[in-house]
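data-v9.csv follows; it contains CSV, C-alpha atoms.
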```
chain,number,residue,atom,x,y,z
K,165,MET,CA,46.6,-87.7,-5.7
K,166,ASN,CA,48.4,-89.2,-8.7
K,167,ASN,CA,46.8,-92.6,-8.0
K,168,LEU,CA,43.4,-90.9,-7.9
K,169,LYS,CA,44.2,-89.1,-11.2
K,170,LYS,CA,44.7,-92.5,-12.9
K,171,THR,CA,41.6,-93.8,-11.2
K,172,TRP,CA,39.5,-90.9,-12.4
K,173,THR,CA,40.8,-91.5,-16.0
K,174,TYR,CA,39.7,-95.1,-15.7
K,175,PHE,CA,36.3,-94.1,-14.1
K,176,LYS,CA,35.7,-91.8,-17.2
K,177,LEU,CA,36.8,-94.6,-19.6
K,178,ARG,CA,34.4,-97.0,-18.0
K,179,ASN,CA,31.5,-94.5,-18.1
K,180,SER,CA,32.2,-93.7,-21.7
K,181,MET,CA,31.0,-97.3,-22.5
K,182,ASP,CA,27.4,-96.2,-21.8
K,183,SER,CA,27.3,-94.1,-25.0
K,184,LEU,CA,24.4,-92.8,-27.0
K,185,SER,CA,23.9,-93.3,-30.7
K,186,SER,CA,23.8,-90.3,-33.0
K,187,ALA,CA,20.1,-90.8,-33.5
K,188,GLU,CA,19.5,-90.8,-29.7
K,189,ILE,CA,21.5,-87.5,-29.3
K,190,LEU,CA,19.5,-85.9,-32.2
K,191,HIS,CA,16.3,-87.1,-30.6
K,192,ILE,CA,17.2,-85.5,-27.2
K,193,ILE,CA,17.9,-82.2,-28.9
K,194,ASP,CA,14.7,-82.2,-30.9
K,195,GLN,CA,12.4,-83.6,-28.2
K,196,LYS,CA,13.8,-81.4,-25.4
K,197,GLU,CA,13.5,-78.3,-27.5
K,198,GLN,CA,9.9,-79.1,-28.1
K,199,GLY,CA,9.4,-80.1,-24.5
K,200,THR,CA,10.7,-76.7,-23.3
K,201,SER,CA,8.3,-74.8,-25.5
K,202,ILE,CA,5.4,-77.0,-24.4
K,203,ARG,CA,6.3,-76.3,-20.8
K,204,HIS,CA,6.5,-72.6,-21.4
K,205,ARG,CA,3.2,-72.7,-23.2
K,206,MET,CA,1.6,-74.6,-20.3
K,207,LEU,CA,2.9,-72.0,-17.8
K,208,LEU,CA,1.5,-69.2,-19.9
K,209,ASP,CA,-1.9,-70.9,-20.1
K,210,MET,CA,-1.9,-71.4,-16.4
K,211,LEU,CA,-1.1,-67.7,-15.8
K,212,VAL,CA,-3.9,-66.6,-18.2
K,213,ALA,CA,-6.3,-69.0,-16.4
K,214,LEU,CA,-5.3,-67.6,-13.0
K,215,PHE,CA,-5.7,-64.0,-14.3
K,216,LEU,CA,-9.2,-64.8,-15.6
K,217,LEU,CA,-10.1,-66.5,-12.3
K,218,PHE,CA,-8.9,-63.4,-10.5
K,219,LEU,CA,-11.0,-61.1,-12.8
K,220,THR,CA,-14.1,-63.3,-12.3
K,221,GLN,CA,-13.8,-63.4,-8.6
K,222,SER,CA,-13.1,-59.6,-8.2
K,223,SER,CA,-16.2,-58.6,-10.3
G,260,MET,CA,26.3,-78.3,-37.4
G,261,LYS,CA,24.3,-81.0,-35.8
G,262,GLU,CA,26.6,-83.7,-37.2
G,263,ARG,CA,29.7,-82.0,-35.7
G,264,PHE,CA,27.8,-81.6,-32.3
G,265,VAL,CA,26.9,-85.3,-32.2
G,266,LYS,CA,30.5,-86.2,-32.9
G,267,VAL,CA,31.8,-84.0,-30.1
G,268,ILE,CA,29.2,-85.4,-27.7
G,269,ARG,CA,29.9,-89.0,-28.6
G,270,GLU,CA,33.7,-88.4,-28.2
G,271,ASN,CA,33.2,-86.9,-24.7
G,272,MET,CA,30.4,-89.1,-23.4
G,273,GLY,CA,32.8,-90.3,-20.7
G,274,ILE,CA,32.9,-86.8,-19.1
G,275,ILE,CA,29.2,-86.3,-19.1
G,276,ASN,CA,28.4,-89.8,-17.8
G,277,SER,CA,31.1,-89.5,-15.1
G,278,LEU,CA,29.7,-86.2,-13.9
G,279,CYS,CA,26.1,-87.5,-13.8
G,280,ARG,CA,27.3,-90.6,-11.9
G,281,ALA,CA,29.2,-88.3,-9.4
G,282,TYR,CA,26.3,-86.1,-8.7
G,283,TYR,CA,23.2,-88.3,-8.9
G,284,CYS,CA,22.3,-91.5,-7.1
G,285,SER,CA,19.4,-92.8,-9.1
G,286,ALA,CA,19.6,-93.9,-12.7
G,287,HIS,CA,16.5,-91.9,-13.5
G,288,ASP,CA,18.0,-88.7,-12.2
G,289,ARG,CA,21.2,-89.4,-14.1
G,290,GLU,CA,19.3,-89.9,-17.3
G,291,ASP,CA,17.4,-86.7,-16.8
G,292,ALA,CA,20.6,-84.8,-16.1
G,293,ARG,CA,22.4,-86.3,-19.1
G,294,GLN,CA,19.6,-85.1,-21.4
G,295,ASP,CA,19.6,-81.6,-19.8
G,296,ILE,CA,23.4,-81.3,-20.2
G,297,ILE,CA,23.3,-82.4,-23.8
G,298,LEU,CA,20.6,-79.8,-24.5
G,299,GLN,CA,22.5,-77.0,-22.7
G,300,LEU,CA,25.6,-78.0,-24.6
G,301,TRP,CA,23.6,-77.8,-27.9
G,302,LYS,CA,22.3,-74.4,-26.9
G,303,SER,CA,25.8,-73.0,-26.2
G,304,PHE,CA,27.5,-74.9,-29.2
G,305,PRO,CA,27.1,-71.9,-31.6
G,306,LYS,CA,29.0,-69.7,-29.1
G,307,PHE,CA,31.8,-72.2,-28.6
G,308,ARG,CA,34.7,-70.9,-30.7
G,309,GLU,CA,37.2,-73.5,-29.9
G,310,GLU,CA,39.4,-71.0,-28.1
G,311,SER,CA,39.4,-73.4,-25.2
G,312,GLN,CA,39.5,-77.2,-25.3
G,313,VAL,CA,36.3,-79.0,-26.0
G,314,SER,CA,36.6,-80.9,-22.7
G,315,THR,CA,36.9,-77.6,-20.8
G,316,TRP,CA,33.7,-76.3,-22.5
G,317,ILE,CA,31.9,-79.6,-21.7
G,318,TYR,CA,33.0,-79.5,-18.0
G,319,ARG,CA,32.0,-75.9,-17.6
G,320,VAL,CA,28.5,-76.2,-19.2
G,321,SER,CA,27.9,-79.6,-17.6
G,322,LEU,CA,28.8,-78.5,-14.1
G,323,ASN,CA,26.7,-75.3,-14.5
G,324,THR,CA,23.7,-77.3,-15.6
G,325,ILE,CA,24.2,-79.7,-12.6
G,326,PHE,CA,24.5,-76.9,-10.1
G,327,SER,CA,21.5,-75.1,-11.5
G,328,ASP,CA,19.5,-78.3,-11.3
G,329,LEU,CA,20.6,-79.1,-7.7
G,330,ARG,CA,19.6,-75.6,-6.6
G,331,LYS,CA,16.2,-76.0,-8.1
G,332,SER,CA,15.5,-79.5,-6.9
G,333,ASN,CA,15.7,-81.5,-3.7
G,334,ARG,CA,18.0,-84.0,-5.3
G,335,ARG,CA,21.0,-82.6,-3.5
G,336,PRO,CA,22.9,-85.7,-2.3
G,337,LYS,CA,24.0,-86.2,1.3
G,338,SER,CA,27.3,-84.5,1.7
G,339,GLN,CA,29.9,-83.0,4.0
G,340,PRO,CA,32.5,-80.3,3.7
G,341,ILE,CA,35.8,-81.5,2.3
G,342,GLU,CA,37.7,-80.7,5.5
G,343,ASP,CA,35.3,-82.7,7.7
G,344,HIS,CA,35.6,-85.6,5.3
G,345,TRP,CA,39.4,-85.7,5.7
G,346,LEU,CA,39.2,-85.3,9.5
G,347,VAL,CA,36.7,-88.1,9.9
G,348,ASP,CA,38.8,-90.4,7.6
G,349,HIS,CA,42.0,-89.6,9.4
G,350,ALA,CA,40.5,-90.2,12.8
G,351,SER,CA,38.9,-93.4,11.9
G,352,PRO,CA,39.9,-94.5,8.4
G,353,ILE,CA,37.6,-96.6,6.4
G,354,ALA,CA,39.1,-99.6,4.7
G,355,PHE,CA,39.2,-99.5,0.9
G,356,ASP,CA,40.2,-102.4,-1.3
G,357,ASP,CA,41.4,-100.2,-4.1
G,358,ASP,CA,41.6,-96.6,-5.3
G,359,HIS,CA,38.5,-97.0,-7.4
G,360,GLN,CA,36.4,-97.8,-4.3
G,361,PHE,CA,38.0,-94.9,-2.5
G,362,LEU,CA,37.3,-92.5,-5.3
G,363,GLN,CA,33.7,-93.6,-5.5
G,364,HIS,CA,33.3,-93.1,-1.7
G,365,LEU,CA,34.9,-89.7,-2.0
G,366,ILE,CA,32.9,-88.3,-4.8
G,367,GLY,CA,29.8,-89.8,-3.3
G,368,SER,CA,30.1,-87.9,0.0
G,369,LEU,CA,31.5,-84.5,-0.8
G,370,LYS,CA,29.6,-81.2,-1.2
G,371,PRO,CA,28.8,-80.4,-4.8
G,372,ILE,CA,31.4,-77.6,-5.1
G,373,ASP,CA,34.2,-79.7,-3.5
G,374,LYS,CA,33.3,-82.6,-5.7
G,375,ALA,CA,33.8,-80.3,-8.8
G,376,LEU,CA,37.1,-79.0,-7.4
G,377,LEU,CA,38.4,-82.4,-6.9
G,378,ILE,CA,37.3,-83.7,-10.3
G,379,LEU,CA,38.7,-80.7,-12.2
G,380,HIS,CA,42.0,-81.0,-10.2
G,381,LEU,CA,42.2,-84.8,-11.1
G,382,GLU,CA,41.5,-83.8,-14.7
G,383,GLY,CA,44.7,-81.7,-14.6
G,384,TYR,CA,43.3,-78.1,-14.6
G,385,GLN,CA,45.3,-75.4,-12.9
G,386,HIS,CA,43.8,-73.5,-9.9
G,387,ASN,CA,43.2,-70.3,-11.9
G,388,GLU,CA,41.4,-72.3,-14.6
G,389,ILE,CA,39.2,-74.1,-12.0
G,390,ALA,CA,38.4,-70.7,-10.4
G,391,THR,CA,37.3,-69.3,-13.8
G,392,MET,CA,35.3,-72.4,-14.7
G,393,LEU,CA,33.4,-72.5,-11.4
G,394,ASN,CA,33.3,-68.8,-11.0
G,395,ILE,CA,34.8,-68.9,-7.5
G,396,ARG,CA,37.8,-67.1,-6.0
G,397,TYR,CA,41.3,-68.4,-6.7
G,398,SER,CA,42.0,-68.5,-2.9
G,399,THR,CA,39.0,-70.7,-2.3
G,400,VAL,CA,40.3,-73.2,-4.8
G,401,THR,CA,43.8,-73.2,-3.4
G,402,THR,CA,42.6,-73.5,0.3
G,403,ARG,CA,40.2,-76.3,-0.4
G,404,LEU,CA,42.5,-78.3,-2.6
G,405,ASN,CA,45.4,-77.9,-0.2
G,406,ARG,CA,43.2,-79.4,2.6
G,407,ALA,CA,42.2,-82.2,0.2
G,408,ARG,CA,45.9,-82.9,-0.6
G,409,SER,CA,47.0,-83.0,3.0
G,410,GLY,CA,44.0,-85.1,3.9
G,411,LEU,CA,44.8,-87.6,1.2
G,412,LYS,CA,48.4,-87.8,2.2
G,413,LYS,CA,47.4,-88.7,5.7
G,414,ILE,CA,45.1,-91.4,4.5
G,415,TYR,CA,47.7,-92.9,2.3
G,416,GLU,CA,50.3,-92.8,5.0
G,417,HIS,CA,47.9,-94.7,7.2
G,418,LYS,CA,47.3,-97.3,4.6
G,419,THR,CA,51.0,-97.7,4.0
G,420,ARG,CA,51.6,-98.2,7.7
G,421,GLU,CA,48.9,-100.9,7.8
G,422,ILE,CA,50.6,-102.7,5.0
```

Translate this file's structure into structure tokens.
Amino acid sequence: MNNLKKTWTYFKLRNSMDSLSSAEILHIIDQKEQGTSIRHRMLLDMLVALFLLFLTQSS
Amino acid sequence: MKERFVKVIRENMGIINSLCRAYYCSAHDREDARQDIILQLWKSFPKFREESQVSTWIYRVSLNTIFSDLRKSNRRPKSQPIEDHWLVDHASPIAFDDDHQFLQHLIGSLKPIDKALLILHLEGYQHNEIATMLNIRYSTVTTRLNRARSGLKKIYEHKTREI
């Protein structure tokens, strides 16, 4: 287990090389926040459309 | 606040990348997961009061995000229970050139929860801390990690005999 602990530390160190710049991190936060709201809005639009379709068909 | 967050993320990118590599096979999935984790960390950042270590908070949020994603998607990697893994290896050990290869094989083939247990144990967390972080019973952590430890011991003994 001790050997694996050292190996895990090395594994983490190696993976830390693939870092992101500050600008990229800020971009993820901003873009993803917008992305989430767009997804939510699309879902709401779809639900409204389905509801309208249901009303049209039932009448 | 954003500046402080960016600094924390950049300092701990090794944890996030390692977890993504441990749980996702394709580079595309890993990139998606990394973005999701960063966003979830950002959302929970205001609640982080530094009562626990930054790395503990990052592990907890990252693993929760990964588990939630794996539940939602079909990206669950092929895996086996930890006890089966040890039994198979003991019966017919696979040759590994070094510990790094062995670790990669191990984390690539375990069930998501066992993978998390092993990683957190390797990171030096106590069993009660792991149980709290993963929201599972203390006895589950102890049982599974004891099996892992005895399994590893057998594999290393076998390797030593071969040498």

_Counting only C-alpha atoms, chain G residues within 7 Å of chain K, as an MDAnalysis selection string_ = chainID G and resid 265 269 272:274 276:277 294 298 358:359 362 381:382

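One finds CA of Met260 (chain G) at 28.0 Å from CA of Glu388 (chain G).
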
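With CA of Asp373 (chain G) on one side and CA of Asp288 (chain G) on the other, the separation reads 20.5 Å.
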
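Distance-wise, CA of Thr402 (chain G) and CA of Gly383 (chain G) end up 17.1 Å apart.
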
*Closest to Leu376 (chain G) among G:Arg403, G:Asp295, G:Val320, G:Arg396, using only C-alpha atoms?*
G:Arg403
